[in-house]
file final.cif (mmCIF, C-alpha atoms)
data_model
loop_
_atom_site.label_atom_id
_atom_site.label_comp_id
_atom_site.auth_asym_id
_atom_site.auth_seq_id
_atom_site.Cartn_x
_atom_site.Cartn_y
_atom_site.Cartn_z
CA MET A 21 -2.44 -4.52 -22.98
CA TYR A 22 -0.57 -3.92 -19.70
CA GLU A 23 1.29 -7.19 -19.88
CA ASP A 24 3.17 -5.81 -22.89
CA SER A 25 4.90 -3.37 -20.53
CA ILE A 26 6.32 -6.15 -18.30
CA SER A 27 9.88 -7.14 -19.08
CA PRO A 28 10.48 -10.81 -20.01
CA GLU A 29 12.91 -11.25 -17.07
CA PHE A 30 10.15 -10.44 -14.58
CA THR A 31 9.43 -12.89 -11.74
CA ALA A 32 6.59 -12.27 -9.28
CA ILE A 33 7.67 -12.10 -5.62
CA THR A 34 4.25 -13.00 -4.19
CA PRO A 35 1.69 -15.71 -4.86
CA PRO A 36 -0.92 -15.03 -7.55
CA ARG A 37 -3.60 -12.57 -6.42
CA ALA A 38 -6.14 -15.32 -5.75
CA ASP A 39 -3.70 -17.15 -3.43
CA CYS A 40 -2.66 -14.13 -1.34
CA VAL A 41 -3.86 -13.57 2.21
CA TYR A 42 -6.53 -10.90 1.72
CA THR A 43 -9.20 -9.20 3.81
CA SER A 44 -11.22 -6.35 2.33
CA CYS A 45 -10.56 -2.96 3.99
CA TYR A 46 -7.48 -4.22 5.87
CA CYS A 47 -4.89 -3.15 3.28
CA GLU A 48 -2.20 -2.50 5.91
CA GLU A 49 -2.42 -6.12 7.07
CA ASN A 50 -2.66 -7.48 3.52
CA VAL A 51 0.64 -5.76 2.69
CA TRP A 52 2.21 -6.95 5.97
CA LYS A 53 1.28 -10.52 4.98
CA LEU A 54 2.86 -10.02 1.53
CA CYS A 55 6.07 -8.82 3.20
CA GLU A 56 5.96 -11.82 5.54
CA HIS A 57 5.65 -14.18 2.56
CA ILE A 58 8.57 -12.54 0.73
CA GLN A 59 10.74 -12.78 3.85
CA ALA A 60 9.81 -16.42 4.53
CA GLN A 61 10.14 -17.62 0.94
CA GLU A 62 13.11 -15.37 0.08
CA THR A 63 11.56 -14.56 -3.30
CA CYS A 64 13.75 -11.45 -3.56
CA PRO A 65 16.11 -9.44 -1.34
CA LEU A 66 13.91 -7.91 1.36
CA ASP A 67 15.73 -4.59 1.08
CA GLU A 68 14.12 -4.15 -2.35
CA VAL A 69 10.61 -4.21 -0.83
CA TYR A 70 8.64 -1.36 0.77
CA ALA A 71 5.24 -0.82 2.35
CA VAL A 72 3.80 2.43 0.98
CA PHE A 73 1.10 4.21 3.00
CA ILE A 74 -0.83 6.73 0.90
CA SER A 75 -2.78 9.46 2.68
CA ASN A 76 -2.64 13.19 3.44
CA GLU A 77 -3.38 15.63 6.26
CA ASN A 78 -7.10 15.53 5.41
CA LYS A 79 -7.28 11.70 5.27
CA SER A 80 -8.90 12.08 1.86
CA ILE A 81 -7.07 10.66 -1.16
CA PRO A 82 -8.44 9.61 -4.56
CA ILE A 83 -7.18 6.42 -6.20
CA TRP A 84 -8.50 5.20 -9.51
CA ARG A 85 -8.87 1.64 -10.80
CA GLN A 86 -9.92 0.20 -7.45
CA LYS A 87 -12.23 -2.80 -7.18
CA SER A 88 -14.72 -0.70 -5.20
CA SER A 89 -14.71 2.11 -7.82
CA ARG A 90 -17.96 3.08 -9.50
CA GLY A 91 -17.33 3.21 -13.22
CA SER A 92 -14.44 5.54 -14.02
CA GLU A 93 -14.67 7.40 -10.70
CA PRO A 94 -11.88 7.17 -8.11
CA VAL A 95 -12.35 5.79 -4.63
CA ILE A 96 -11.70 8.39 -1.93
CA TRP A 97 -9.82 6.52 0.78
CA ASP A 98 -8.72 7.90 4.15
CA TYR A 99 -5.56 5.92 3.47
CA HIS A 100 -4.42 3.05 1.31
CA VAL A 101 -1.39 0.74 1.45
CA VAL A 102 0.45 -0.96 -1.40
CA LEU A 103 3.68 -2.92 -1.68
CA LEU A 104 6.49 -1.55 -3.82
CA HIS A 105 9.24 -3.75 -5.29
CA PHE A 106 12.11 -1.53 -6.28
CA ASN A 107 15.17 -3.01 -7.94
CA PRO A 108 17.33 -0.23 -9.45
CA GLN A 109 18.56 -2.66 -12.13
CA ALA A 110 15.07 -3.81 -13.18
CA GLN A 111 11.46 -2.74 -13.45
CA CYS A 112 9.67 -1.28 -10.44
CA PHE A 113 6.35 -2.95 -9.53
CA VAL A 114 3.36 -2.09 -7.35
CA TYR A 115 1.44 -4.92 -5.66
CA ASP A 116 -2.08 -3.72 -4.80
CA LEU A 117 -4.65 -6.36 -3.89
CA ASP A 118 -7.49 -3.83 -4.25
CA THR A 119 -6.81 -2.70 -7.81
CA THR A 120 -8.43 -3.76 -11.07
CA LEU A 121 -5.01 -3.33 -12.69
CA PRO A 122 -2.69 -6.34 -13.03
CA PHE A 123 -1.15 -7.87 -9.91
CA PRO A 124 1.66 -6.97 -9.85
CA CYS A 125 1.53 -3.83 -11.99
CA PRO A 126 4.49 -1.97 -13.48
CA ALA A 127 4.89 1.14 -11.35
CA ASP A 128 4.71 3.52 -14.31
CA VAL A 129 1.39 1.96 -15.40
CA TYR A 130 0.04 2.05 -11.84
CA SER A 131 1.05 5.69 -11.45
CA ARG A 132 -0.58 6.70 -14.71
CA GLU A 133 -3.79 4.72 -14.17
CA ALA A 134 -4.32 4.75 -10.40
CA PHE A 135 -2.57 7.92 -9.15
CA ARG A 136 -2.90 10.06 -12.29
CA SER A 137 -1.72 13.59 -11.46
CA ASP A 138 -1.88 15.76 -8.36
CA GLY A 139 -1.95 18.76 -10.69
CA MET A 140 -5.60 18.12 -11.56
CA LEU A 141 -6.67 17.81 -7.92
CA LYS A 142 -7.67 20.39 -5.36
CA PRO A 143 -4.88 20.80 -2.77
CA GLU A 144 -6.89 18.99 -0.08
CA PHE A 145 -6.90 15.80 -2.17
CA ARG A 146 -3.21 15.68 -3.10
CA ARG A 147 -1.49 12.46 -2.12
CA LYS A 148 1.53 11.85 0.11
CA MET A 149 3.40 8.60 0.66
CA ARG A 150 5.08 7.19 3.73
CA VAL A 151 7.59 4.63 2.47
CA ILE A 152 8.74 2.03 4.99
CA PRO A 153 11.31 -0.71 4.26
CA ALA A 154 9.64 -4.12 4.51
CA VAL A 155 12.09 -5.33 7.16
CA THR A 156 11.15 -2.33 9.35
CA TYR A 157 7.45 -2.81 8.68
CA LEU A 158 7.54 -6.47 9.71
CA LYS A 159 9.37 -5.64 12.95
CA THR A 160 7.39 -2.58 14.05
CA PHE A 161 3.81 -2.54 12.72
CA ALA A 162 1.00 -3.37 15.14
CA SER A 163 -2.78 -3.15 14.89
CA ASP A 164 -5.48 -4.17 17.35
CA ARG A 165 -8.06 -3.36 14.61
CA SER A 166 -9.88 -0.92 16.93
CA HIS A 167 -10.12 1.56 14.03
CA MET A 168 -12.48 -0.90 12.32
CA LYS A 169 -14.99 -1.02 15.19
CA HIS A 170 -18.09 1.08 15.75
CA SER A 171 -18.54 2.80 19.10
CA ASP A 172 -20.75 -0.12 20.21
CA GLY A 173 -17.91 -2.57 19.52
CA THR A 174 -19.35 -4.12 16.35
CA TRP A 175 -17.15 -4.43 13.27
CA ARG A 176 -17.35 -1.96 10.38
CA MET A 177 -15.98 -4.75 8.20
CA PRO A 178 -15.24 -8.38 9.18
CA PRO A 179 -11.67 -8.72 10.50
CA PRO A 180 -9.01 -11.11 9.18
CA PRO A 181 -9.26 -14.67 10.54
CA TYR A 182 -5.73 -14.69 11.99
CA PRO A 183 -4.65 -13.03 15.28
CA CYS A 184 -3.92 -9.30 15.45
CA ILE A 185 -0.41 -8.27 14.41
CA GLU A 186 1.54 -6.95 17.38
CA THR A 187 5.09 -6.48 18.61
CA THR A 188 6.64 -6.77 22.07
CA GLU A 189 6.31 -2.99 22.37
CA PHE A 190 3.02 -2.20 20.68
CA LYS A 191 -0.48 -3.54 20.17
CA MET A 192 -1.57 -0.52 18.09
CA ASN A 193 0.54 2.04 16.22
CA LEU A 194 -1.33 2.24 12.91
CA ASP A 195 -1.89 6.00 13.26
CA ASP A 196 1.87 6.61 13.15
CA PHE A 197 2.04 4.86 9.77
CA ILE A 198 -0.99 6.69 8.35
CA SER A 199 0.31 10.07 9.53
CA MET A 200 2.00 12.14 6.83
CA ASP A 201 3.86 14.24 9.39
CA PRO A 202 7.56 13.58 8.62
CA ASN A 203 8.37 14.09 12.31
CA VAL A 204 6.18 11.15 13.33
CA GLY A 205 6.70 7.46 12.79
CA LEU A 206 9.08 5.46 10.62
CA GLY A 207 10.17 5.55 7.00
CA LYS A 208 10.23 8.63 4.81
CA VAL A 209 7.35 10.86 3.71
CA TYR A 210 7.13 12.11 0.12
CA LYS A 211 4.78 14.18 -1.94
CA LEU A 212 3.52 12.15 -4.92
CA SER A 213 5.93 13.87 -7.33
CA GLY A 214 8.90 13.28 -5.02
CA PHE A 215 7.95 9.65 -4.52
CA LEU A 216 7.78 9.01 -8.27
CA GLN A 217 11.05 10.82 -8.85
CA HIS A 218 12.87 8.99 -6.05
CA PHE A 219 11.87 5.58 -7.37
CA GLY A 220 12.42 6.51 -11.02
CA VAL A 221 8.76 6.12 -12.03
CA LYS A 222 7.99 7.94 -15.28
#

call {"tool": "encode", "arguments": {"input": "final.cif", "output": "structure tokens"}}
result
Amino acid sequence: MYEDSISPEFTAITPPRADCVYTSCYCEENVWKLCEHIQAQETCPLDEVYAVFISNENKSIPIWRQKSSRGSEPVIWDYHVVLLHFNPQAQCFVYDLDTTLPFPCPADVYSREAFRSDGMLKPEFRRKMRVIPAVTYLKTFASDRSHMKHSDGTWRMPPPPYPCIETTEFKMNLDDFISMDPNVGLGKVYKLSGFLQHFGVK
């Protein structure tokens, strides 16, 4: 059904879903690993790829068609991260390792099925997006995974098996990426409607 909306010239820029580096509840690292693969394998120009953090001031955003959804209900995340492949001369795709939609998914299908409309939501649930070029994300993102620990030091969810992602400057700056304050952090912050318009998603 959804595959009919994928153009015949399409070539995936990541491994198949089952072969991707994936850890449940570590979406920011899953997307970082996808960016790392694209850079290493040169599957497309890196300037066509973006990490997209989805959140809002209330850290409460609904996304439908997630693997952890119950029936037709959305999951209410504090934040979620997907990869966007935007080529102005071709189709735009979303790569979300937590969705029940295809991987990758045409951006217009993902928007319609997973984001739906902010118009039907109470203001406190409306989504914003921080869009960071993949090259910037790979150079600057750092997480010591402390946000996934209980106060007694035990894990909320098991961490990825590889070492923490860090830079020479930072061991932890995840909050700057999750923040939807345009005066904080890197990339550009959009309301959902502005994000869809900017990337030409119908």

call {"tool": "atom_distance", "arguments": {"input": "final.cif", "atom1": "CA of Asp116 (chain A)", "atom2": "CA of His218 (chain A)"}}
result
19.7 Å

call {"tool": "resolve_selection", "arguments": {"input": "final.cif", "expression": "the PyMOL selection byres ((chain A and resi 168-181) around 8)", "output": "PyMOL selection string"}}
result
chain A and resi 42-46+165-167+182-183

call {"tool": "closest_residue", "arguments": {"input": "final.cif", "among": "A:Lys87, A:Lys142, A:His105, A:Lys53", "to": "Thr31 (chain A)", "atoms": "only C-alpha atoms"}}
result
A:His105

call {"tool": "resolve_selection", "arguments": {"input": "final.cif", "expression": "the PyMOL selection byres ((chain A and resi 66) around 10)", "output": "list in words"}}
result
Cys55, Glu56, Ile58, Gln59, Ala60, Glu62, Thr63, Cys64, Pro65, Asp67, Glu68, Val69, Tyr70, His105, Pro153, Ala154 and Val155 of chain A

call {"tool": "residues_around", "arguments": {"input": "final.cif", "residues": "Glu93 (chain A)", "least_positions_apart": "6", "cutoff": "12 Å", "atoms": "all atoms listed in the file", "output": "list of chain:residue names"}}
result
A:Pro82, A:Ile83, A:Trp84, A:Arg85, A:Gln86, A:Lys87, A:Glu133, A:Ala134

call {"tool": "write_last_selection", "arguments": {"input": "final.cif", "atoms": "C-alpha atoms", "output": "tab-separated table (two decimals), in the frame of the given file"}}
result
chain	number	residue	atom	x	y	z
A	82	PRO	CA	-8.44	9.61	-4.56
A	83	ILE	CA	-7.18	6.42	-6.20
A	84	TRP	CA	-8.50	5.20	-9.51
A	85	ARG	CA	-8.87	1.64	-10.80
A	86	GLN	CA	-9.92	0.20	-7.45
A	87	LYS	CA	-12.23	-2.80	-7.18
A	133	GLU	CA	-3.79	4.72	-14.17
A	134	ALA	CA	-4.32	4.75	-10.40

call {"tool": "closest_residue", "arguments": {"input": "final.cif", "among": "A:Asp98, A:Asp138, A:Ala71, A:Arg147", "to": "Leu206 (chain A)", "atoms": "all atoms listed in the file"}}
result
A:Ala71

call {"tool": "closest_residue", "arguments": {"input": "final.cif", "among": "A:Cys47, A:Val221, A:Met149, A:Leu104", "to": "Arg132 (chain A)", "atoms": "only C-alpha atoms"}}
result
A:Val221

call {"tool": "closest_residue", "arguments": {"input": "final.cif", "among": "A:Val151, A:Leu117, A:Val72, A:Met200", "to": "Pro35 (chain A)", "atoms": "only C-alpha atoms"}}
result
A:Leu117

call {"tool": "closest_atom_pairs", "arguments": {"input": "final.cif", "of": "region 112-202 of chain A", "to": "region 210-214 of chain A", "cutoff": "12 Å", "atoms": "all atoms listed in the file", "output": "Markdown table"}}
result
| residue | atom | partner | partner_atom | distance |
| --- | --- | --- | --- | --- |
| A:Ser131 | CA | A:Leu212 | CA | 9.5 |
| A:Arg132 | CA | A:Leu212 | CA | 11.9 |
| A:Phe135 | CA | A:Leu212 | CA | 8.5 |
| A:Arg136 | CA | A:Leu212 | CA | 10.0 |
| A:Ser137 | CA | A:Leu212 | CA | 8.5 |
| A:Asp138 | CA | A:Leu212 | CA | 7.4 |
| A:Gly139 | CA | A:Ser213 | CA | 9.9 |
| A:Pro143 | CA | A:Lys211 | CA | 11.7 |
| A:Phe145 | CA | A:Leu212 | CA | 11.4 |
| A:Arg146 | CA | A:Leu212 | CA | 7.8 |
| A:Arg147 | CA | A:Leu212 | CA | 5.7 |
| A:Lys148 | CA | A:Lys211 | CA | 4.5 |
| A:Met149 | CA | A:Tyr210 | CA | 5.2 |
| A:Arg150 | CA | A:Tyr210 | CA | 6.4 |
| A:Val151 | CA | A:Tyr210 | CA | 7.9 |
| A:Ile152 | CA | A:Tyr210 | CA | 11.3 |
| A:Ser199 | CA | A:Tyr210 | CA | 11.8 |
| A:Met200 | CA | A:Tyr210 | CA | 8.4 |
| A:Asp201 | CA | A:Tyr210 | CA | 10.1 |
| A:Pro202 | CA | A:Tyr210 | CA | 8.6 |

call {"tool": "closest_residue", "arguments": {"input": "final.cif", "among": "A:Leu141, A:Phe190, A:Thr120, A:Ile33", "to": "Ser80 (chain A)", "atoms": "only C-alpha atoms"}}
result
A:Leu141
